[in-house]
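Participant: See data_24.cif below, with mmCIF, C-alpha atoms and all ligand atoms.
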data_model
#
loop_
_atom_site.label_atom_id
_atom_site.label_comp_id
_atom_site.auth_asym_id
_atom_site.auth_seq_id
_atom_site.Cartn_x
_atom_site.Cartn_y
_atom_site.Cartn_z
CA MET A 161 124.51 113.36 89.95
CA LYS A 162 126.03 109.98 89.01
CA TYR A 163 128.75 107.78 90.43
CA ILE A 164 131.18 106.02 88.09
CA LEU A 165 132.38 102.81 89.72
CA THR A 166 135.57 100.84 89.24
CA ALA A 167 136.00 97.75 91.38
CA PRO A 168 139.27 96.48 92.87
CA GLU A 169 140.73 93.09 91.79
CA ARG A 170 140.70 91.77 95.34
CA ILE A 171 138.43 92.81 98.22
CA ASN A 172 139.81 92.49 101.70
CA THR A 173 137.88 94.67 104.06
CA THR A 174 135.99 95.01 107.34
CA VAL A 175 132.59 96.63 106.98
CA ASN A 176 130.80 98.28 109.88
CA LEU A 177 127.30 97.55 108.67
CA PRO A 178 124.46 99.95 109.52
CA ALA A 179 122.04 98.90 112.25
CA SER A 180 118.85 97.24 111.03
CA LYS A 181 116.16 99.79 110.14
CA SER A 182 113.43 97.20 110.72
CA VAL A 183 114.65 96.49 114.25
CA SER A 184 115.35 100.19 114.96
CA ASN A 185 111.90 101.29 113.88
CA ARG A 186 110.13 98.63 115.93
CA ALA A 187 112.29 99.46 118.98
CA LEU A 188 111.38 103.15 118.70
CA ILE A 189 107.62 102.54 118.46
CA ILE A 190 107.55 99.98 121.29
CA ASN A 191 109.77 102.24 123.38
CA ALA A 192 107.36 105.15 122.90
CA LEU A 193 104.38 102.96 123.82
CA ALA A 194 106.26 101.76 126.92
CA GLY A 195 106.91 105.37 127.96
CA ASN A 196 110.50 104.20 128.03
CA THR A 197 113.18 106.69 128.92
CA ILE A 198 116.04 104.32 128.06
CA LYS A 199 117.00 104.92 124.41
CA PRO A 200 117.61 101.79 122.31
CA ASP A 201 121.30 101.19 121.73
CA ASN A 202 122.91 101.15 118.23
CA LEU A 203 119.94 102.84 116.51
CA SER A 204 120.29 103.11 112.74
CA ASP A 205 121.26 106.54 111.38
CA CYS A 206 119.34 105.90 108.14
CA ASP A 207 116.60 108.19 106.79
CA ASP A 208 113.81 105.69 107.56
CA THR A 209 114.74 105.64 111.26
CA GLU A 210 115.50 109.36 111.50
CA VAL A 211 111.95 110.22 110.39
CA ILE A 212 110.40 108.15 113.21
CA LEU A 213 112.87 109.47 115.76
CA ASP A 214 112.06 113.03 114.76
CA ALA A 215 108.29 112.45 114.63
CA LEU A 216 108.22 110.87 118.10
CA GLU A 217 110.46 113.56 119.59
CA ARG A 218 108.62 116.59 118.20
CA MET A 219 105.16 115.22 117.36
CA PRO A 220 104.51 118.12 114.93
CA ALA A 221 101.02 118.76 113.50
CA VAL A 222 102.25 117.63 110.08
CA ILE A 223 104.55 114.62 110.09
CA ASP A 224 106.54 114.10 106.88
CA ILE A 225 107.62 110.47 106.88
CA LYS A 226 109.32 110.84 103.46
CA ALA A 227 109.85 107.46 101.71
CA ALA A 228 109.76 105.19 104.77
CA GLY A 229 107.07 102.50 104.38
CA THR A 230 107.54 101.04 107.86
CA ALA A 231 107.48 104.49 109.43
CA MET A 232 104.25 105.42 107.59
CA ARG A 233 102.46 102.24 108.65
CA PHE A 234 103.84 102.03 112.21
CA MET A 235 103.23 105.74 112.95
CA THR A 236 99.67 105.56 111.56
CA ALA A 237 98.71 102.92 114.15
CA TYR A 238 100.68 104.71 116.88
CA LEU A 239 99.00 108.07 116.17
CA ALA A 240 95.54 106.47 115.97
CA ALA A 241 95.97 105.03 119.48
CA THR A 242 97.64 108.08 121.05
CA PRO A 243 95.62 111.21 121.98
CA GLY A 244 96.47 114.18 119.69
CA GLU A 245 95.73 115.40 116.16
CA HIS A 246 98.17 114.97 113.26
CA THR A 247 98.47 114.76 109.51
CA ILE A 248 100.93 112.19 108.25
CA THR A 249 102.32 112.50 104.73
CA GLY A 250 105.34 111.48 102.65
CA THR A 251 106.99 111.56 99.24
CA GLU A 252 105.00 111.41 95.99
CA ARG A 253 105.77 107.68 95.85
CA MET A 254 104.50 107.25 99.43
CA LYS A 255 101.19 108.76 98.25
CA GLN A 256 100.94 105.86 95.79
CA ARG A 257 101.66 103.10 98.32
CA PRO A 258 98.36 101.63 99.62
CA ILE A 259 97.33 101.93 103.27
CA LYS A 260 93.60 101.11 103.08
CA ALA A 261 93.82 97.69 104.76
CA LEU A 262 95.50 99.24 107.81
CA VAL A 263 93.13 102.23 107.96
CA ASP A 264 90.07 99.94 107.66
CA ALA A 265 91.35 97.74 110.51
CA LEU A 266 92.09 100.73 112.74
CA ARG A 267 88.70 102.30 112.00
CA TYR A 268 87.05 99.01 112.88
CA ILE A 269 88.45 99.26 116.41
CA GLY A 270 87.37 102.89 116.71
CA ALA A 271 90.12 105.00 115.13
CA ASP A 272 89.33 108.42 113.65
CA ILE A 273 91.27 108.59 110.38
CA THR A 274 90.39 110.51 107.21
CA TYR A 275 92.06 110.53 103.81
CA VAL A 276 93.40 113.99 102.95
CA GLU A 277 93.79 113.46 99.18
CA ARG A 278 92.98 110.07 97.62
CA ASP A 279 90.95 107.32 99.30
CA GLY A 280 93.14 104.41 100.34
CA TYR A 281 96.45 106.32 100.25
CA PRO A 282 98.47 108.78 102.36
CA PRO A 283 98.32 111.57 103.46
CA LEU A 284 96.08 110.79 106.43
CA HIS A 285 94.50 113.01 109.04
CA ILE A 286 94.42 111.21 112.39
CA ARG A 287 92.63 112.21 115.58
CA GLY A 288 94.21 109.89 118.13
CA ARG A 289 92.22 108.40 121.00
CA LYS A 290 92.17 105.39 123.31
CA LEU A 291 91.09 102.40 121.24
CA GLU A 292 89.16 99.40 122.52
CA GLY A 293 90.68 96.53 120.51
CA GLY A 294 88.90 93.20 119.96
CA HIS A 295 88.85 90.89 116.93
CA ILE A 296 89.86 92.16 113.48
CA GLU A 297 90.60 90.59 110.14
CA VAL A 298 93.21 91.98 107.76
CA PRO A 299 94.57 90.82 104.43
CA GLY A 300 97.90 89.05 104.92
CA ASP A 301 98.99 89.34 101.29
CA ILE A 302 99.57 93.09 100.75
CA SER A 303 102.12 94.23 103.34
CA SER A 304 103.14 92.68 106.65
CA GLN A 305 103.82 96.22 107.85
CA TYR A 306 100.05 96.71 108.43
CA ILE A 307 100.10 93.65 110.69
CA SER A 308 103.22 94.71 112.58
CA ALA A 309 101.72 98.18 113.05
CA LEU A 310 98.51 96.75 114.56
CA LEU A 311 100.39 94.24 116.71
CA MET A 312 102.67 96.82 118.29
CA ILE A 313 99.77 98.94 119.60
CA ALA A 314 97.78 95.84 120.64
CA PRO A 315 99.06 95.43 124.25
CA THR A 316 97.94 99.03 124.97
CA LEU A 317 94.35 98.39 123.84
CA ALA A 318 91.78 97.81 126.61
CA GLY A 319 90.54 94.57 125.08
CA GLY A 320 93.86 93.43 123.56
CA LEU A 321 93.68 92.17 119.98
CA GLU A 322 92.90 89.04 118.06
CA LEU A 323 94.17 89.46 114.53
CA LYS A 324 93.11 87.07 111.78
CA LEU A 325 95.13 87.25 108.58
CA ASN A 326 93.28 86.48 105.38
CA GLY A 327 94.87 85.12 102.20
CA GLU A 328 98.46 84.10 101.75
CA ILE A 329 100.72 85.53 104.46
CA ILE A 330 103.66 87.38 102.89
CA SER A 331 106.83 88.65 104.61
CA ARG A 332 106.09 86.42 107.60
CA PRO A 333 109.56 86.75 109.21
CA TYR A 334 108.82 90.46 109.69
CA ILE A 335 105.67 89.57 111.66
CA ASP A 336 107.67 87.15 113.77
CA LEU A 337 110.33 89.80 114.33
CA THR A 338 107.61 92.13 115.64
CA LEU A 339 106.21 89.46 117.96
CA CYS A 340 109.67 88.59 119.30
CA MET A 341 110.50 92.21 120.01
CA MET A 342 107.12 92.78 121.66
CA ARG A 343 107.80 89.80 123.93
CA ASP A 344 111.27 91.17 124.69
CA PHE A 345 109.43 94.21 126.06
CA GLY A 346 107.14 92.01 128.18
CA ALA A 347 104.11 91.66 125.87
CA ASP A 348 101.93 88.56 125.83
CA ALA A 349 101.63 88.00 122.07
CA GLU A 350 101.64 84.78 120.08
CA TRP A 351 100.28 82.87 117.11
CA SER A 352 97.11 81.17 118.41
CA ASP A 353 96.39 79.50 115.07
CA VAL A 354 98.12 79.25 111.67
CA ASP A 355 96.49 82.51 110.58
CA THR A 356 95.63 84.19 113.89
CA ILE A 357 97.67 86.16 116.42
CA SER A 358 96.44 86.94 119.94
CA VAL A 359 97.76 89.80 122.04
CA LYS A 360 96.67 90.31 125.64
CA PRO A 361 96.29 93.79 127.14
CA LYS A 362 99.45 94.32 129.21
CA ALA A 363 101.74 97.34 129.62
CA TYR A 364 105.11 97.11 127.91
CA ALA A 365 108.09 96.89 130.27
CA GLN A 366 110.80 99.55 130.29
CA ARG A 367 114.18 98.13 129.34
CA GLY A 368 117.33 98.76 127.35
CA PHE A 369 117.55 97.17 123.91
CA TYR A 370 120.52 96.52 121.62
CA ILE A 371 119.88 96.68 117.87
CA GLU A 372 121.61 94.16 115.63
CA ASN A 373 123.21 95.28 112.38
CA ASP A 374 121.38 94.87 109.10
CA TRP A 375 121.37 91.53 107.30
CA SER A 376 119.68 93.11 104.23
CA ALA A 377 122.69 95.46 103.93
CA ALA A 378 125.01 92.43 104.28
CA SER A 379 123.57 90.95 101.07
CA TYR A 380 125.40 93.42 98.79
CA TRP A 381 128.75 92.30 100.22
CA TYR A 382 127.91 88.66 99.61
CA GLU A 383 127.02 89.60 96.05
CA MET A 384 130.45 91.23 95.55
CA LEU A 385 132.18 88.01 96.57
CA VAL A 386 130.15 85.94 94.10
CA LEU A 387 130.91 88.35 91.25
CA GLY A 388 134.61 88.85 92.10
CA HIS A 389 137.33 86.67 90.61
CA ASP A 390 140.04 86.74 93.25
CA GLU A 391 140.03 83.60 95.39
CA GLU A 392 141.79 85.47 98.21
CA SER A 393 139.00 88.05 98.64
CA GLU A 394 137.56 88.12 102.14
CA ILE A 395 134.96 90.38 103.72
CA MET A 396 134.29 90.82 107.42
CA LEU A 397 130.90 92.19 108.50
CA THR A 398 130.36 93.49 112.02
CA GLY A 399 127.46 93.32 114.46
CA LEU A 400 125.56 90.28 113.13
CA THR A 401 124.04 87.48 115.17
CA ASP A 402 123.88 83.76 114.55
CA GLY A 403 120.22 82.95 115.20
CA SER A 404 119.15 86.46 114.13
CA ARG A 405 115.42 87.20 114.01
CA GLN A 406 115.82 89.22 110.83
CA GLY A 407 114.31 87.25 107.96
CA ASP A 408 117.05 88.45 105.60
CA SER A 409 119.61 86.56 107.69
CA ALA A 410 118.56 83.70 105.36
CA VAL A 411 121.18 85.18 102.98
CA LYS A 412 123.79 83.15 104.82
CA TYR A 413 122.12 79.95 103.52
CA LEU A 414 121.17 81.33 100.12
CA PHE A 415 124.66 82.58 99.37
CA ASN A 416 126.12 79.34 100.63
CA MET A 417 124.41 77.79 97.60
CA LEU A 418 126.11 80.43 95.42
CA GLY A 419 129.55 79.68 96.86
CA VAL A 420 130.05 82.03 99.83
CA ARG A 421 130.87 80.57 103.23
CA THR A 422 129.82 82.50 106.37
CA THR A 423 131.83 82.02 109.56
CA PHE A 424 130.73 83.58 112.86
CA LYS A 425 133.53 84.70 115.19
CA THR A 426 131.66 83.52 118.29
CA ARG A 427 129.08 80.76 118.30
CA GLU A 428 126.86 82.28 121.01
CA ARG A 429 123.60 82.48 119.13
CA ASN A 430 122.29 85.80 120.36
CA VAL A 431 125.47 87.82 120.70
CA PRO A 432 126.32 90.18 117.82
CA THR A 433 129.69 89.28 116.38
CA THR A 434 131.80 89.67 113.25
CA VAL A 435 131.22 87.28 110.38
CA THR A 436 133.79 86.40 107.75
CA LEU A 437 132.66 85.80 104.17
CA LYS A 438 134.90 83.73 101.93
CA ARG A 439 134.47 82.26 98.46
CA VAL A 440 134.33 78.49 97.98
CA GLU A 441 134.14 76.85 94.58
CA THR A 442 130.46 76.04 94.16
CA LYS A 443 128.11 77.20 91.47
CA PRO A 444 124.63 75.73 91.12
CA PRO A 445 123.40 74.95 87.58
CA ARG A 446 120.35 77.17 88.32
CA LEU A 447 118.48 78.70 91.27
CA ASP A 448 114.72 78.50 91.83
CA TYR A 449 113.53 80.22 94.98
CA ASP A 450 110.36 81.64 96.51
CA PHE A 451 111.17 85.11 97.91
CA ILE A 452 107.84 85.46 99.75
CA ASN A 453 109.72 85.74 103.06
CA GLN A 454 112.66 87.86 101.83
CA PRO A 455 111.19 90.40 99.37
CA ASP A 456 114.04 92.88 99.89
CA MET A 457 116.59 90.35 98.62
CA VAL A 458 115.15 89.99 95.12
CA GLN A 459 117.17 92.78 93.50
CA THR A 460 120.41 91.39 94.97
CA PHE A 461 119.70 87.90 93.62
CA VAL A 462 118.47 88.94 90.18
CA VAL A 463 121.64 90.95 89.51
CA CYS A 464 123.94 88.43 91.18
CA CYS A 465 122.61 85.27 89.52
CA ALA A 466 122.40 86.73 86.01
CA LEU A 467 125.93 88.14 86.15
CA ALA A 468 127.21 84.85 87.60
CA ASP A 469 125.52 83.06 84.71
CA ILE A 470 123.08 81.14 86.93
CA PRO A 471 119.63 80.85 85.30
CA PHE A 472 116.78 81.36 87.77
CA ARG A 473 113.08 81.38 88.45
CA PHE A 474 112.11 83.60 91.37
CA THR A 475 108.54 83.51 92.70
CA GLY A 476 106.72 85.25 95.58
CA LEU A 477 107.38 88.71 94.12
CA SER A 478 103.80 90.04 94.05
CA THR A 479 104.52 92.79 96.62
CA LEU A 480 107.48 94.22 94.71
CA LYS A 481 105.26 96.47 92.61
CA ILE A 482 104.21 98.55 95.65
CA LYS A 483 107.61 99.11 97.22
CA GLU A 484 109.87 102.16 96.76
CA THR A 485 109.31 101.71 93.02
CA ASP A 486 107.81 98.94 90.89
CA ARG A 487 110.86 96.73 91.39
CA VAL A 488 109.79 94.16 88.80
CA GLU A 489 109.72 96.79 86.02
CA ALA A 490 112.87 98.50 87.29
CA LEU A 491 114.81 95.22 87.30
CA LYS A 492 113.70 94.23 83.79
CA THR A 493 114.64 97.66 82.39
CA GLU A 494 118.01 98.05 84.09
CA MET A 495 119.14 94.43 83.52
CA ARG A 496 118.56 94.94 79.80
CA LYS A 497 121.16 97.75 79.89
CA LEU A 498 123.64 95.12 81.12
CA GLY A 499 122.60 92.75 78.34
CA TYR A 500 120.30 90.37 80.25
CA ILE A 501 116.69 89.71 79.30
CA ILE A 502 114.70 89.00 82.45
CA ARG A 503 111.11 87.90 81.85
CA GLU A 504 108.02 88.33 84.01
CA THR A 505 106.90 84.74 83.44
CA ASP A 506 103.81 85.03 85.64
CA ILE A 507 102.30 87.42 88.20
CA GLY A 508 104.89 87.74 90.97
CA GLU A 509 107.52 85.80 89.07
CA LEU A 510 110.78 86.72 87.32
CA SER A 511 112.84 84.24 85.30
CA TRP A 512 116.09 84.22 83.39
CA ASP A 513 116.96 81.29 81.14
CA GLY A 514 120.28 82.63 79.92
CA GLU A 515 118.82 84.98 77.27
CA ARG A 516 121.14 87.87 76.40
CA CYS A 517 121.06 91.07 74.33
CA GLU A 518 123.69 93.65 73.39
CA PRO A 519 124.61 95.68 76.54
CA ALA A 520 124.39 99.49 76.37
CA ASP A 521 127.61 101.32 75.38
CA ASP A 522 127.44 103.67 78.31
CA ILE A 523 125.68 101.92 81.19
CA VAL A 524 123.80 104.27 83.53
CA ILE A 525 121.64 102.47 86.09
CA ASN A 526 118.55 104.42 87.09
CA THR A 527 117.70 104.03 90.76
CA TYR A 528 114.03 105.15 90.79
CA GLU A 529 114.39 106.61 94.32
CA ASP A 530 115.00 103.05 95.49
CA HIS A 531 118.07 102.45 97.68
CA ARG A 532 118.12 98.75 96.79
CA MET A 533 118.43 99.48 93.05
CA ALA A 534 121.64 101.42 93.77
CA MET A 535 123.09 98.87 96.18
CA ALA A 536 122.17 95.72 94.23
CA PHE A 537 123.62 97.12 90.98
CA ALA A 538 126.81 98.63 92.46
CA PRO A 539 128.55 95.18 92.59
CA ALA A 540 127.82 94.83 88.86
CA SER A 541 130.74 97.24 88.37
CA ILE A 542 132.98 94.20 89.03
CA THR A 543 131.77 92.77 85.70
CA PHE A 544 131.19 96.16 84.00
CA PRO A 545 134.06 98.56 84.93
CA GLY A 546 132.95 102.19 84.66
CA LEU A 547 129.29 101.36 85.37
CA LYS A 548 127.37 104.48 86.40
CA ILE A 549 124.74 104.70 89.14
CA ASP A 550 122.32 107.62 88.88
CA ASN A 551 121.19 109.45 92.04
CA PRO A 552 123.51 107.40 94.26
CA GLN A 553 122.42 109.28 97.39
CA VAL A 554 119.24 107.15 97.54
CA VAL A 555 121.19 104.66 99.68
CA SER A 556 120.59 106.87 102.74
CA LYS A 557 117.14 105.29 103.11
CA SER A 558 118.74 102.28 104.83
CA TYR A 559 122.57 102.45 104.46
CA PRO A 560 123.88 106.05 104.48
CA HIS A 561 127.60 105.12 104.46
CA PHE A 562 127.34 102.48 101.69
CA TRP A 563 129.59 104.41 99.26
CA ASP A 564 132.17 105.17 101.97
CA ASP A 565 132.32 101.45 102.73
CA LEU A 566 132.82 100.67 99.03
CA ARG A 567 135.69 103.20 98.85
CA GLN A 568 137.27 101.64 101.91
CA ALA A 569 137.00 98.26 100.18
CA GLY A 570 139.05 99.65 97.29
CA PHE A 571 136.38 100.77 94.81
CA ILE A 572 137.19 103.93 92.88
CA ILE A 573 134.14 106.18 92.83
CA ASP A 574 134.13 109.27 90.64
CA GLY A 575 131.31 111.76 90.43
CA ALA A 576 129.72 112.92 87.15
CA GLU A 577 126.82 115.18 86.26
O1 LIG B 601 108.38 95.28 108.62
C1 LIG B 601 109.43 95.60 108.06
O2 LIG B 601 110.41 96.07 108.68
C2 LIG B 601 109.52 95.41 106.59
C3 LIG B 601 108.65 94.57 105.94
C4 LIG B 601 108.73 94.27 104.49
O3 LIG B 601 107.65 94.92 103.84
P1 LIG B 601 106.29 94.13 103.35
O4 LIG B 601 105.70 93.50 104.53
O5 LIG B 601 105.47 95.25 102.80
O6 LIG B 601 106.73 93.12 102.34
C5 LIG B 601 110.06 94.75 103.88
O7 LIG B 601 109.96 94.77 102.48
C6 LIG B 601 110.43 96.12 104.38
O8 LIG B 601 111.65 96.56 103.84
C7 LIG B 601 110.61 96.12 105.88
C1 LIG B 602 110.57 97.91 101.03
C2 LIG B 602 111.43 98.60 101.76
O1 LIG B 602 111.13 99.60 102.63
P1 LIG B 602 109.73 100.24 103.10
O2 LIG B 602 108.62 99.38 102.62
O3 LIG B 602 109.84 100.26 104.60
O4 LIG B 602 109.69 101.62 102.52
C3 LIG B 602 112.89 98.30 101.66
O5 LIG B 602 113.66 98.79 102.49
O6 LIG B 602 113.30 97.55 100.75
#
What do you get writing this file as C-alpha cells?
Ligand SMILES: O=C(O)C1=C[C@@H](OP(=O)(O)O)[C@@H](O)[C@H](O)C1
Ligand SMILES: C=C(OP(=O)(O)O)C(=O)O

Facilitator:
Amino acid sequence: MKYILTAPERINTTVNLPASKSVSNRALIINALAGNTIKPDNLSDCDDTEVILDALERMPAVIDIKAAGTAMRFMTAYLAATPGEHTITGTERMKQRPIKALVDALRYIGADITYVERDGYPPLHIRGRKLEGGHIEVPGDISSQYISALLMIAPTLAGGLELKLNGEIISRPYIDLTLCMMRDFGADAEWSDVDTISVKPKAYAQRGFYIENDWSAASYWYEMLVLGHDEESEIMLTGLTDGSRQGDSAVKYLFNMLGVRTTFKTRERNVPTTVTLKRVETKPPRLDYDFINQPDMVQTFVVCCALADIPFRFTGLSTLKIKETDRVEALKTEMRKLGYIIRETDIGELSWDGERCEPADDIVINTYEDHRMAMAFAPASITFPGLKIDNPQVVSKSYPHFWDDLRQAGFIIDGAE
C-alpha cells in the first residue's frame, strides 16, 4: 500500500498533536512501580504506548513489545525487578537492536535474565525478583534508554542505585526527562557528578500526571512551513509547553534559524498551550549541528535542509544505525531518489554540500518500518507533487493520526497498490 501526496498551496490549520510517547511510557512504568491507581492523563494512543499499557494490564507469559525500543528496555528492567516469569520479544528488527548493556547491568545487581535466541539481543526470558541495587557502570554511548530503564526501577531497590555512565553520553535530555519525572513522583534522584547519577531507595508517591503533547511530532509541521512557498501559511499546534522537558522541544530554536517563528499562546512555562508557527524571511547559508541530544530529529532536518537548499554537516549520528532501521543508510538511499547526494563523511556524520543527481521519474519513498521516514519525507511532497510513501501505516508507532492531520491541512492523499 502506498500514499500519493499532493500538498496545498497554503497551509492554515490547527493540529491536535499526539501525546508524547516518551513521556507516556515513563509515566506508565513509574505509575506501575508506584502501585498507582490514578491513570496518567492524556496518554498517547500510539503503538509504542499501547504495547506497554497492554503488557502492564495483562502481564501475559509472553509479552510482544513489537517495534517499541523504549518499551523493550523499560519493561526489561521492570520485569527483572518485579516477581513473576515472562518472555519479552518483539519484531524481527527488535531482535537486531542490542540490549546487552542493560542485561549485563541488571544481572550485576542480581537479575535472572537469559537470552532466548541470540546473545545480546531480544527475546529475553526474565525471572523477576527483588533486586538489591548498589553501584553499577553502564556505557553511556549506545542508548540512553538502558539508563532510563535502570533509573526508573532504582527507587524500589533496597540499596538504591549509583549509576556511572562510561564514554560519551548520548541522548542526555532523555535521561534528564526520566529524572524529572521520577522526582515528580517523589523520587530522590540526581546527577551527583558529571557522569554519575545517584538514586536513593524511596517509594514513589501516588499522584495524577498530565502528559504533554509530542515535540518530535511537531517537527514535521515546522518542516512543512520551511518547504512551503505561501507567506500567509500558519500552523497551530496544541498541547505544547514553553519550558518543556522533552529534548526535541529544541526544534523551536533550530527552526527559528531556518525561518519559522514559534509563539506560545500563554507564557506560563509549565502549562500546555497552543503554539503558532509562522514563516519569517530567514535562510542560513548552511547549517552545522550536533544531533547527539536530538537523534530523532535527524531525518526531519536532512530532508528539510536539502530541499530548502541549505548545505549541512550533521554530527552525533552514531546511534542512528540501531534505531527502527539504519537511518543513515535509509536517508542516503531515499534522498537520492529526490536528486540529492548525501554523504556519510565520517562515522556518525552526514553532510550535503549542494551535490545533486537526476531525481527518479516516479518517486516512491521506502519507509523501512520506520515511522520517522514516512513523516520526515511527507512534507517533501510540497516540492515533489505526487510523491509516494510506501507502507504509510508505519506512522502509528508514534503518531497514528498523522495522515488525517495532513488531510485536514489540505493535502490530497490517494491510495495506490
Ligand atoms: O527515552 C526515550 O524516550 C527515547 C530515547 C532516544 O533513544 P536513544 O537513547 O536510544 O538515542 C530516542 O531516540 C527514542 O525515540 C526515545
Ligand atoms: C528511536 C525511536 O524509537 P524507539 O527507540 O523507542 O523504538 C523513535 O521513535 O524515533

Participant: Within 10 Å of ligand LIG 601 (chain B), which residues of chain A come that close, and what is the closest atom pair and distance in Å for each? Count all atoms listed in the file and give it as JSON lines.

Facilitator:
{"residue": "A:Ser180", "atom": "CA", "partner": "B:LIG601", "partner_atom": "O2", "distance": 8.8}
{"residue": "A:Lys181", "atom": "CA", "partner": "B:LIG601", "partner_atom": "O2", "distance": 7.0}
{"residue": "A:Ser182", "atom": "CA", "partner": "B:LIG601", "partner_atom": "O2", "distance": 3.8}
{"residue": "A:Val183", "atom": "CA", "partner": "B:LIG601", "partner_atom": "O2", "distance": 7.0}
{"residue": "A:Ser184", "atom": "CA", "partner": "B:LIG601", "partner_atom": "O2", "distance": 9.0}
{"residue": "A:Asn185", "atom": "CA", "partner": "B:LIG601", "partner_atom": "O2", "distance": 7.5}
{"residue": "A:Arg186", "atom": "CA", "partner": "B:LIG601", "partner_atom": "O2", "distance": 7.7}
{"residue": "A:Ala228", "atom": "CA", "partner": "B:LIG601", "partner_atom": "O8", "distance": 8.9}
{"residue": "A:Gly229", "atom": "CA", "partner": "B:LIG601", "partner_atom": "C6", "distance": 7.2}
{"residue": "A:Thr230", "atom": "CA", "partner": "B:LIG601", "partner_atom": "C1", "distance": 5.8}
{"residue": "A:Ala231", "atom": "CA", "partner": "B:LIG601", "partner_atom": "O2", "distance": 8.9}
{"residue": "A:Arg233", "atom": "CA", "partner": "B:LIG601", "partner_atom": "O1", "distance": 9.1}
{"residue": "A:Phe234", "atom": "CA", "partner": "B:LIG601", "partner_atom": "O1", "distance": 8.9}
{"residue": "A:Arg257", "atom": "CA", "partner": "B:LIG601", "partner_atom": "O5", "distance": 9.8}
{"residue": "A:Gly300", "atom": "CA", "partner": "B:LIG601", "partner_atom": "O4", "distance": 9.0}
{"residue": "A:Asp301", "atom": "CA", "partner": "B:LIG601", "partner_atom": "O4", "distance": 8.5}
{"residue": "A:Ile302", "atom": "CA", "partner": "B:LIG601", "partner_atom": "O5", "distance": 6.6}
{"residue": "A:Ser303", "atom": "CA", "partner": "B:LIG601", "partner_atom": "O5", "distance": 3.5}
{"residue": "A:Ser304", "atom": "CA", "partner": "B:LIG601", "partner_atom": "O4", "distance": 3.4}
{"residue": "A:Gln305", "atom": "CA", "partner": "B:LIG601", "partner_atom": "O4", "distance": 4.7}
{"residue": "A:Tyr306", "atom": "CA", "partner": "B:LIG601", "partner_atom": "O4", "distance": 7.6}
{"residue": "A:Ile307", "atom": "CA", "partner": "B:LIG601", "partner_atom": "O4", "distance": 8.3}
{"residue": "A:Ser308", "atom": "CA", "partner": "B:LIG601", "partner_atom": "O1", "distance": 6.5}
{"residue": "A:Ala309", "atom": "CA", "partner": "B:LIG601", "partner_atom": "O1", "distance": 8.5}
{"residue": "A:Ile329", "atom": "CA", "partner": "B:LIG601", "partner_atom": "O4", "distance": 9.4}
{"residue": "A:Ile330", "atom": "CA", "partner": "B:LIG601", "partner_atom": "O6", "distance": 6.5}
{"residue": "A:Ser331", "atom": "CA", "partner": "B:LIG601", "partner_atom": "O4", "distance": 5.0}
{"residue": "A:Arg332", "atom": "CA", "partner": "B:LIG601", "partner_atom": "O4", "distance": 7.7}
{"residue": "A:Pro333", "atom": "CA", "partner": "B:LIG601", "partner_atom": "C3", "distance": 8.5}
{"residue": "A:Tyr334", "atom": "CA", "partner": "B:LIG601", "partner_atom": "O1", "distance": 5.0}
{"residue": "A:Ile335", "atom": "CA", "partner": "B:LIG601", "partner_atom": "O1", "distance": 7.0}
{"residue": "A:Asp336", "atom": "CA", "partner": "B:LIG601", "partner_atom": "O1", "distance": 9.7}
{"residue": "A:Leu337", "atom": "CA", "partner": "B:LIG601", "partner_atom": "O1", "distance": 8.2}
{"residue": "A:Thr338", "atom": "CA", "partner": "B:LIG601", "partner_atom": "O1", "distance": 7.7}
{"residue": "A:Ser376", "atom": "CA", "partner": "B:LIG601", "partner_atom": "O8", "distance": 8.7}
{"residue": "A:Gln406", "atom": "CA", "partner": "B:LIG601", "partner_atom": "O2", "distance": 9.0}
{"residue": "A:Gly407", "atom": "CA", "partner": "B:LIG601", "partner_atom": "C3", "distance": 9.5}
{"residue": "A:Asp408", "atom": "CA", "partner": "B:LIG601", "partner_atom": "C5", "distance": 9.6}
{"residue": "A:Ile452", "atom": "CA", "partner": "B:LIG601", "partner_atom": "O6", "distance": 8.2}
{"residue": "A:Asn453", "atom": "CA", "partner": "B:LIG601", "partner_atom": "O6", "distance": 8.0}
{"residue": "A:Gln454", "atom": "CA", "partner": "B:LIG601", "partner_atom": "O7", "distance": 7.4}
{"residue": "A:Pro455", "atom": "CA", "partner": "B:LIG601", "partner_atom": "O7", "distance": 5.5}
{"residue": "A:Asp456", "atom": "CA", "partner": "B:LIG601", "partner_atom": "O7", "distance": 5.2}
{"residue": "A:Met457", "atom": "CA", "partner": "B:LIG601", "partner_atom": "O7", "distance": 8.9}
{"residue": "A:Leu477", "atom": "CA", "partner": "B:LIG601", "partner_atom": "O6", "distance": 9.4}
{"residue": "A:Ser478", "atom": "CA", "partner": "B:LIG601", "partner_atom": "O6", "distance": 9.3}
{"residue": "A:Thr479", "atom": "CA", "partner": "B:LIG601", "partner_atom": "O6", "distance": 6.1}
{"residue": "A:Leu480", "atom": "CA", "partner": "B:LIG601", "partner_atom": "O6", "distance": 7.7}
{"residue": "A:Ile482", "atom": "CA", "partner": "B:LIG601", "partner_atom": "O5", "distance": 8.0}
{"residue": "A:Lys483", "atom": "CA", "partner": "B:LIG601", "partner_atom": "O5", "distance": 7.1}
{"residue": "A:Glu484", "atom": "CA", "partner": "B:LIG601", "partner_atom": "O8", "distance": 9.2}
{"residue": "A:Arg532", "atom": "CA", "partner": "B:LIG601", "partner_atom": "O8", "distance": 9.8}
{"residue": "A:Ser558", "atom": "CA", "partner": "B:LIG601", "partner_atom": "O8", "distance": 9.2}

Participant: Which residue, A:Lys497, A:Lys162, A:Lys438, A:Lys260, has the smallest gap to Thr274 (chain A) when you use all atoms listed in the file?

Facilitator: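 Ranking A:Lys497, A:Lys162, A:Lys438, A:Lys260 by distance to Thr274 (chain A), first place goes to A:Lys260.
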
Participant: Which residue is closest to Leu418 (chain A)? Choose from A:Gly546, A:Gly399, A:Pro315, A:Pro444 and count all atoms listed in the file.

Facilitator: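 Closest to Leu418 (chain A), using all atoms listed in the file: A:Pro444.
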
Participant: Show me as number ranges by chain the residues that reach within 7 Å of (134.7, 110.8, 90.1), counting only C-alpha atoms and using the file's own coordinates.

Facilitator: A: 163-164, 573-576

Participant: Between A:Asn416, A:Thr316, A:Thr434, A:Gln256, which one has atoms that come closest to ligand LIG 602 (chain B), using all atoms listed in the file?

Facilitator: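 The answer is A:Gln256, which sits nearest to ligand LIG 602 (chain B).
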